[in-house]
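Participant: Sharing a structure, written as C-alpha cells. Questions coming.
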Amino acid sequence: MSTPSATPRGSAARRHLIAVVLLVPALAALALWAFAWPAARTAPRDLPLGVAGPASAAAQVERQLDRHEGAFEIHRYADEAAAREAVEDRTVYGAVVVTPKGPELLTASAASPMVAQLLQQAVTEQAAAEGTQVRTVDVVSAPASDPRGAALGASVLPLALAGMAAGAAVTLLRLRGIRAVSALAGAAAVIGVVAAALAHSWLGILTGDWWAEAGVFALTTLAVSAAVAGLAALIGPAGIGIVSFVVMFLGNPFSGASSAPQMLPEPVGTTGQWLPPGAGASLLRSVSYFDGAAATGPALTLAWWAALGLGAVLLGSALKSRRPSTESASERELAPVG
C-alpha cells in the first residue's frame, strides 16, 4: 500500500525522467547544429579582395572574379604598393595585381591560411584557363610553427572555458562588489600572462608584442568572466548557464577563428564577431601579425562585454545590499510603539 507522499514523489521522478530524455537530445542536436552547420557551409561570401593595375586590365580581372557570384567584394587600387598596404592593414585578404609579366597574387596567410589557399586556387585556375601563370606573394605570412593557423584557432575554447570558470567561481564563492571585480580582473591578468607565455614564448605561434598579446588574452577572458558573474549577480546562478551557453554554443563555433568570418554563412559570421571568442580571435591576429591593424572594432567589442559585465556585478551587489536595509526599515515601521 502506497503512502500519500509516494505519488507526488513518483510524479516528480517521472517529470525529471522525461526532462532528461528530451532535454539532453535537444542540447545534443543544438550543439551539432551550432558546430557542424557553419563548418559544412564554409565558403567565401563577400570576401574583401583587391584588384590593382591599369584600368582596362583590372576591369577585366574584376569581371572574371565576378563570375564567382557573391564570393568576393572587390576593392580597386591604383598599383601594387597600394594593394600591398591594404593587405597589411587588413582591409582585404589578398589582391590580384596585373603586371607586364602577368598576374600576381598578394595573400596574407597570417589573416587566414584557409582564405590564402582558396584565393591561390581560384586565381591560379582562372589564369590557367587563359594560359598564364600566377606568381603568389605571401605579404604577411603565418608563423612557421603554426602554418595552418590551427593552434591560434584552438586558443579560443580554452580562453572561453577559463572565463566561464572564473565567473562561476566568483559567483559560487559569493564575492560581491569591489572584491568580485578585483577577483575577476586579477584572474584575467594572470590568465593573460600565462597564455602569452605558452603561445608566444613556448609554442612560438604568436609573433607580435608580448605584452600586447597578454593583454588580448586577459581582455578576452575578462569579457567572458565578467559577463558570467554579472548576469549571475542580477538573476542568480542561472546567469552562469545562460552566458556559458551563449559563449560555448554560439561564440565558439561562430568565431571564424579557424577560417574567417566571411567564410561562414550569414548571420553567423557577423554574430560571431559580436561575441567574445570571435572578437578575441580577430584582435589576437591583428596584434600578433599585423601590428594592431583593424584592432579597434574587436577591442571595443571585448571592452563593452567586460564593462557591462563588471557594471552588472556592482549593480547586483548594490541591489542585494539595499534589500536587507529596506527590509529592516519595514520591520521598524511595523513594530508596535511603546
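Every chain in the C-alpha cells has a letter given in the order shown (A, B, ...), and although residue numbers restart at 1 in each chain, ligands are simply numbered from 1 in the order shown.
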Any idea what's packed within 6 Å of region 60-76 of chain A, counting only C-alpha atoms, ignoring anything in its chain fewer than 5 positions away? Could you give it as a PDB file with N, CA, C and O atoms, in the first residue's frame?
Facilitator:
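Everything below was put into result35.pdb:
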ATOM      1  N   PRO A  44      33.433  31.349 -49.425  1.00  0.00           N
ATOM      2  CA  PRO A  44      33.594  32.810 -49.396  1.00  0.00           C
ATOM      3  C   PRO A  44      32.281  33.528 -49.673  1.00  0.00           C
ATOM      4  O   PRO A  44      31.547  33.179 -50.598  1.00  0.00           O
ATOM      5  N   ARG A  45      32.017  34.551 -48.854  1.00  0.00           N
ATOM      6  CA  ARG A  45      30.815  35.375 -49.014  1.00  0.00           C
ATOM      7  C   ARG A  45      31.216  36.836 -48.858  1.00  0.00           C
ATOM      8  O   ARG A  45      31.498  37.276 -47.738  1.00  0.00           O
ATOM      9  N   ASP A  46      31.245  37.562 -49.965  1.00  0.00           N
ATOM     10  CA  ASP A  46      31.679  38.960 -49.949  1.00  0.00           C
ATOM     11  C   ASP A  46      33.040  39.097 -49.279  1.00  0.00           C
ATOM     12  O   ASP A  46      33.266  39.988 -48.456  1.00  0.00           O
ATOM     13  N   LEU A  47      33.936  38.216 -49.629  1.00  0.00           N
ATOM     14  CA  LEU A  47      35.294  38.236 -49.077  1.00  0.00           C
ATOM     15  C   LEU A  47      36.056  39.414 -49.679  1.00  0.00           C
ATOM     16  O   LEU A  47      36.188  39.505 -50.900  1.00  0.00           O
ATOM     17  N   PRO A  48      36.567  40.338 -48.861  1.00  0.00           N
ATOM     18  CA  PRO A  48      37.270  41.504 -49.404  1.00  0.00           C
ATOM     19  C   PRO A  48      38.527  41.100 -50.179  1.00  0.00           C
ATOM     20  O   PRO A  48      39.416  40.449 -49.640  1.00  0.00           O
ATOM     21  N   LEU A  49      38.580  41.491 -51.445  1.00  0.00           N
ATOM     22  CA  LEU A  49      39.692  41.147 -52.323  1.00  0.00           C
ATOM     23  C   LEU A  49      40.034  42.360 -53.177  1.00  0.00           C
ATOM     24  O   LEU A  49      39.153  43.005 -53.733  1.00  0.00           O
ATOM     25  N   GLY A  50      41.324  42.664 -53.274  1.00  0.00           N
ATOM     26  CA  GLY A  50      41.753  43.819 -54.046  1.00  0.00           C
ATOM     27  C   GLY A  50      42.122  43.462 -55.475  1.00  0.00           C
ATOM     28  O   GLY A  50      42.511  42.334 -55.768  1.00  0.00           O
ATOM     29  N   VAL A  51      41.993  44.430 -56.347  1.00  0.00           N
ATOM     30  CA  VAL A  51      42.441  44.315 -57.737  1.00  0.00           C
ATOM     31  C   VAL A  51      43.212  45.584 -58.058  1.00  0.00           C
ATOM     32  O   VAL A  51      42.723  46.696 -57.821  1.00  0.00           O
ATOM     33  N   ALA A  52      44.430  45.441 -58.601  1.00  0.00           N
ATOM     34  CA  ALA A  52      45.269  46.598 -58.896  1.00  0.00           C
ATOM     35  C   ALA A  52      45.894  46.460 -60.270  1.00  0.00           C
ATOM     36  O   ALA A  52      46.106  45.359 -60.775  1.00  0.00           O
TER      37      ALA A  52
END
Participant: List every residue of region 34-77 of chain A that DSSP, applied to the backbone of this structure, assigns to strand (DSSP E), and report them as a list in words.
Facilitator: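 Result set for region 34-77 of chain A (strand (DSSP E)): Leu47, Pro48, Leu49, Gly50, Val51, Ala52, Phe72, Glu73, Ile74, His75, Arg76 and Tyr77 of chain A.
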Participant: Skipping near chain neighbours, those fewer than 2 positions away, what residues fall within 8 Å of region 193-205 of chain A using only C-alpha atoms, listed as number ranges by chain?
Facilitator: A: 143-146, 151-152, 189-191, 207, 210-211, 213-215, 217-218
Participant: Restricted to N, CA, C and O atoms, what would the selected residues look like written as a PDB file, in the first residue's frame?
Facilitator:
ATOM      1  N   PRO A 143      53.137  32.181 -38.997  1.00  0.00           N
ATOM      2  CA  PRO A 143      54.404  31.693 -38.435  1.00  0.00           C
ATOM      3  C   PRO A 143      54.669  30.250 -38.833  1.00  0.00           C
ATOM      4  O   PRO A 143      53.732  29.461 -39.009  1.00  0.00           O
ATOM      5  N   ALA A 144      55.933  29.901 -38.964  1.00  0.00           N
ATOM      6  CA  ALA A 144      56.301  28.542 -39.370  1.00  0.00           C
ATOM      7  C   ALA A 144      55.837  27.504 -38.365  1.00  0.00           C
ATOM      8  O   ALA A 144      55.577  26.356 -38.730  1.00  0.00           O
ATOM      9  N   SER A 145      55.696  27.904 -37.108  1.00  0.00           N
ATOM     10  CA  SER A 145      55.256  26.959 -36.081  1.00  0.00           C
ATOM     11  C   SER A 145      53.750  26.710 -36.114  1.00  0.00           C
ATOM     12  O   SER A 145      53.262  25.783 -35.468  1.00  0.00           O
ATOM     13  N   ASP A 146      53.010  27.525 -36.874  1.00  0.00           N
ATOM     14  CA  ASP A 146      51.555  27.336 -36.987  1.00  0.00           C
ATOM     15  C   ASP A 146      51.107  27.744 -38.386  1.00  0.00           C
ATOM     16  O   ASP A 146      50.322  28.676 -38.555  1.00  0.00           O
ATOM     17  N   ALA A 151      46.674  26.225 -34.250  1.00  0.00           N
ATOM     18  CA  ALA A 151      46.941  26.491 -32.839  1.00  0.00           C
ATOM     19  C   ALA A 151      46.260  27.775 -32.387  1.00  0.00           C
ATOM     20  O   ALA A 151      45.700  27.842 -31.288  1.00  0.00           O
ATOM     21  N   LEU A 152      46.293  28.810 -33.230  1.00  0.00           N
ATOM     22  CA  LEU A 152      45.619  30.052 -32.859  1.00  0.00           C
ATOM     23  C   LEU A 152      44.115  29.827 -32.744  1.00  0.00           C
ATOM     24  O   LEU A 152      43.476  30.312 -31.815  1.00  0.00           O
ATOM     25  N   ALA A 189      44.115  38.832 -15.599  1.00  0.00           N
ATOM     26  CA  ALA A 189      45.500  39.267 -15.807  1.00  0.00           C
ATOM     27  C   ALA A 189      46.465  38.087 -15.735  1.00  0.00           C
ATOM     28  O   ALA A 189      47.377  37.955 -16.559  1.00  0.00           O
ATOM     29  N   VAL A 190      46.255  37.221 -14.749  1.00  0.00           N
ATOM     30  CA  VAL A 190      47.134  36.055 -14.608  1.00  0.00           C
ATOM     31  C   VAL A 190      46.975  35.120 -15.808  1.00  0.00           C
ATOM     32  O   VAL A 190      47.961  34.607 -16.357  1.00  0.00           O
ATOM     33  N   ILE A 191      45.735  34.897 -16.231  1.00  0.00           N
ATOM     34  CA  ILE A 191      45.483  34.043 -17.393  1.00  0.00           C
ATOM     35  C   ILE A 191      46.149  34.631 -18.636  1.00  0.00           C
ATOM     36  O   ILE A 191      46.724  33.909 -19.460  1.00  0.00           O
ATOM     37  N   THR A 207      53.728  36.218 -32.899  1.00  0.00           N
ATOM     38  CA  THR A 207      54.978  36.894 -33.235  1.00  0.00           C
ATOM     39  C   THR A 207      54.939  38.393 -32.965  1.00  0.00           C
ATOM     40  O   THR A 207      55.856  39.110 -33.374  1.00  0.00           O
ATOM     41  N   TRP A 210      54.774  40.989 -26.964  1.00  0.00           N
ATOM     42  CA  TRP A 210      54.402  40.004 -25.931  1.00  0.00           C
ATOM     43  C   TRP A 210      53.324  40.543 -25.000  1.00  0.00           C
ATOM     44  O   TRP A 210      52.329  39.874 -24.718  1.00  0.00           O
ATOM     45  N   TRP A 211      53.522  41.760 -24.507  1.00  0.00           N
ATOM     46  CA  TRP A 211      52.572  42.312 -23.536  1.00  0.00           C
ATOM     47  C   TRP A 211      51.231  42.651 -24.187  1.00  0.00           C
ATOM     48  O   TRP A 211      50.180  42.546 -23.540  1.00  0.00           O
ATOM     49  N   GLU A 213      49.892  40.936 -26.606  1.00  0.00           N
ATOM     50  CA  GLU A 213      49.212  39.645 -26.727  1.00  0.00           C
ATOM     51  C   GLU A 213      48.662  39.202 -25.377  1.00  0.00           C
ATOM     52  O   GLU A 213      47.531  38.689 -25.292  1.00  0.00           O
ATOM     53  N   ALA A 214      49.438  39.405 -24.305  1.00  0.00           N
ATOM     54  CA  ALA A 214      48.939  39.066 -22.971  1.00  0.00           C
ATOM     55  C   ALA A 214      47.700  39.890 -22.641  1.00  0.00           C
ATOM     56  O   ALA A 214      46.744  39.385 -22.029  1.00  0.00           O
ATOM     57  N   GLY A 215      47.699  41.156 -23.064  1.00  0.00           N
ATOM     58  CA  GLY A 215      46.529  41.993 -22.831  1.00  0.00           C
ATOM     59  C   GLY A 215      45.301  41.503 -23.573  1.00  0.00           C
ATOM     60  O   GLY A 215      44.182  41.553 -23.049  1.00  0.00           O
ATOM     61  N   PHE A 217      44.690  38.334 -24.454  1.00  0.00           N
ATOM     62  CA  PHE A 217      44.236  37.141 -23.732  1.00  0.00           C
ATOM     63  C   PHE A 217      43.466  37.529 -22.470  1.00  0.00           C
ATOM     64  O   PHE A 217      42.413  36.951 -22.156  1.00  0.00           O
ATOM     65  N   ALA A 218      43.991  38.499 -21.730  1.00  0.00           N
ATOM     66  CA  ALA A 218      43.352  38.920 -20.480  1.00  0.00           C
ATOM     67  C   ALA A 218      41.996  39.563 -20.748  1.00  0.00           C
ATOM     68  O   ALA A 218      41.007  39.270 -20.056  1.00  0.00           O
TER      69      ALA A 218
END
Participant: Taking 6 positions as the minimum chain separation for residues in the same chain, which residues sit within 9 Å of Leu222 (chain A) when counting only C-alpha atoms? Answer as a list of chain:residue names.
Facilitator: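 Everything that qualifies: A:Gly163, A:Ala166, A:Gly167, A:Leu184, A:Ala185, A:Ala187, A:Ala188, A:Ala189, A:Leu302, A:Ala303, A:Trp305, A:Ala306, A:Gly309.
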Participant: List the neighbours of Leu308 (chain A) out to 9 Å using only C-alpha atoms; skip same-chain residues closer than 2 positions along the sequence, and give me the result as a PyMOL selection string.
Facilitator: chain A and resi 223+226-227+230+303-306+310-313
Participant: Could you please take those selected residues and save all heavy atoms as an mmCIF file, in the first residue's frame?
Facilitator:
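To be explicit, this is the file written out as again.cif:
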data_model
loop_
_atom_site.group_PDB
_atom_site.id
_atom_site.type_symbol
_atom_site.label_atom_id
_atom_site.label_comp_id
_atom_site.auth_asym_id
_atom_site.auth_seq_id
_atom_site.Cartn_x
_atom_site.Cartn_y
_atom_site.Cartn_z
ATOM 1 N N ALA A 223 36.144 39.537 -20.576
ATOM 2 C CA ALA A 223 34.852 39.750 -21.228
ATOM 3 C C ALA A 223 33.887 38.615 -20.918
ATOM 4 O O ALA A 223 32.703 38.832 -20.659
ATOM 5 C CB ALA A 223 35.050 39.883 -22.738
ATOM 6 N N ALA A 226 33.381 38.384 -16.712
ATOM 7 C CA ALA A 226 32.550 39.469 -16.209
ATOM 8 C C ALA A 226 31.097 39.283 -16.618
ATOM 9 O O ALA A 226 30.174 39.560 -15.836
ATOM 10 C CB ALA A 226 33.081 40.805 -16.722
ATOM 11 N N ALA A 227 30.877 38.808 -17.846
ATOM 12 C CA ALA A 227 29.500 38.561 -18.298
ATOM 13 C C ALA A 227 28.844 37.465 -17.467
ATOM 14 O O ALA A 227 27.675 37.581 -17.073
ATOM 15 C CB ALA A 227 29.497 38.180 -19.774
ATOM 16 N N GLY A 230 28.395 38.880 -13.912
ATOM 17 C CA GLY A 230 27.457 39.992 -13.923
ATOM 18 C C GLY A 230 26.014 39.541 -14.054
ATOM 19 O O GLY A 230 25.141 39.992 -13.295
ATOM 20 N N ALA A 303 35.810 45.206 -24.821
ATOM 21 C CA ALA A 303 35.738 46.192 -23.738
ATOM 22 C C ALA A 303 34.297 46.404 -23.281
ATOM 23 O O ALA A 303 34.027 46.528 -22.073
ATOM 24 C CB ALA A 303 36.350 47.514 -24.197
ATOM 25 N N TRP A 304 33.366 46.423 -24.228
ATOM 26 C CA TRP A 304 31.958 46.586 -23.862
ATOM 27 C C TRP A 304 31.458 45.391 -23.061
ATOM 28 O O TRP A 304 30.737 45.557 -22.071
ATOM 29 C CB TRP A 304 31.109 46.784 -25.120
ATOM 30 C CG TRP A 304 30.989 48.204 -25.543
ATOM 31 C CD1 TRP A 304 31.528 48.782 -26.656
ATOM 32 C CD2 TRP A 304 30.292 49.245 -24.862
ATOM 33 N NE1 TRP A 304 31.221 50.118 -26.701
ATOM 34 C CE2 TRP A 304 30.459 50.434 -25.618
ATOM 35 C CE3 TRP A 304 29.558 49.303 -23.682
ATOM 36 C CZ2 TRP A 304 29.910 51.658 -25.243
ATOM 37 C CZ3 TRP A 304 29.004 50.520 -23.291
ATOM 38 C CH2 TRP A 304 29.178 51.678 -24.059
ATOM 39 N N TRP A 305 31.813 44.187 -23.487
ATOM 40 C CA TRP A 305 31.419 42.999 -22.723
ATOM 41 C C TRP A 305 31.965 43.067 -21.303
ATOM 42 O O TRP A 305 31.247 42.792 -20.333
ATOM 43 C CB TRP A 305 31.930 41.734 -23.420
ATOM 44 C CG TRP A 305 31.017 41.210 -24.469
ATOM 45 C CD1 TRP A 305 30.964 41.590 -25.776
ATOM 46 C CD2 TRP A 305 30.005 40.204 -24.325
ATOM 47 N NE1 TRP A 305 29.995 40.887 -26.451
ATOM 48 C CE2 TRP A 305 29.390 40.017 -25.594
ATOM 49 C CE3 TRP A 305 29.578 39.423 -23.260
ATOM 50 C CZ2 TRP A 305 28.369 39.103 -25.800
ATOM 51 C CZ3 TRP A 305 28.553 38.501 -23.465
ATOM 52 C CH2 TRP A 305 27.956 38.358 -24.712
ATOM 53 N N ALA A 306 33.237 43.420 -21.176
ATOM 54 C CA ALA A 306 33.855 43.488 -19.853
ATOM 55 C C ALA A 306 33.220 44.588 -19.007
ATOM 56 O O ALA A 306 32.909 44.374 -17.825
ATOM 57 C CB ALA A 306 35.361 43.719 -19.993
ATOM 58 N N LEU A 310 31.146 43.881 -15.580
ATOM 59 C CA LEU A 310 31.599 44.399 -14.288
ATOM 60 C C LEU A 310 30.577 45.369 -13.706
ATOM 61 O O LEU A 310 30.364 45.407 -12.482
ATOM 62 C CB LEU A 310 32.953 45.089 -14.452
ATOM 63 C CG LEU A 310 34.124 44.184 -14.869
ATOM 64 C CD1 LEU A 310 35.386 44.994 -15.072
ATOM 65 C CD2 LEU A 310 34.348 43.081 -13.840
ATOM 66 N N GLY A 311 29.943 46.158 -14.573
ATOM 67 C CA GLY A 311 28.890 47.045 -14.088
ATOM 68 C C GLY A 311 27.727 46.265 -13.494
ATOM 69 O O GLY A 311 27.155 46.668 -12.468
ATOM 70 N N ALA A 312 27.380 45.149 -14.129
ATOM 71 C CA ALA A 312 26.306 44.311 -13.602
ATOM 72 C C ALA A 312 26.692 43.691 -12.264
ATOM 73 O O ALA A 312 25.847 43.531 -11.368
ATOM 74 C CB ALA A 312 25.961 43.212 -14.607
ATOM 75 N N VAL A 313 27.971 43.344 -12.109
ATOM 76 C CA VAL A 313 28.441 42.809 -10.823
ATOM 77 C C VAL A 313 28.234 43.842 -9.720
ATOM 78 O O VAL A 313 27.728 43.525 -8.630
ATOM 79 C CB VAL A 313 29.925 42.412 -10.923
ATOM 80 C CG1 VAL A 313 30.498 42.122 -9.532
ATOM 81 C CG2 VAL A 313 30.091 41.184 -11.810
#
Participant: Determine, counting only C-alpha atoms, which protein, DNA and RNA residues have an atom within 12 Å of an atom of Pro147 (chain A); residues of the same chain fewer than 2 positions away are not included. Present the result as a PyMOL selection string.
Facilitator: chain A and resi 108-114+116-117+138+140-145+149-153+204-206+258
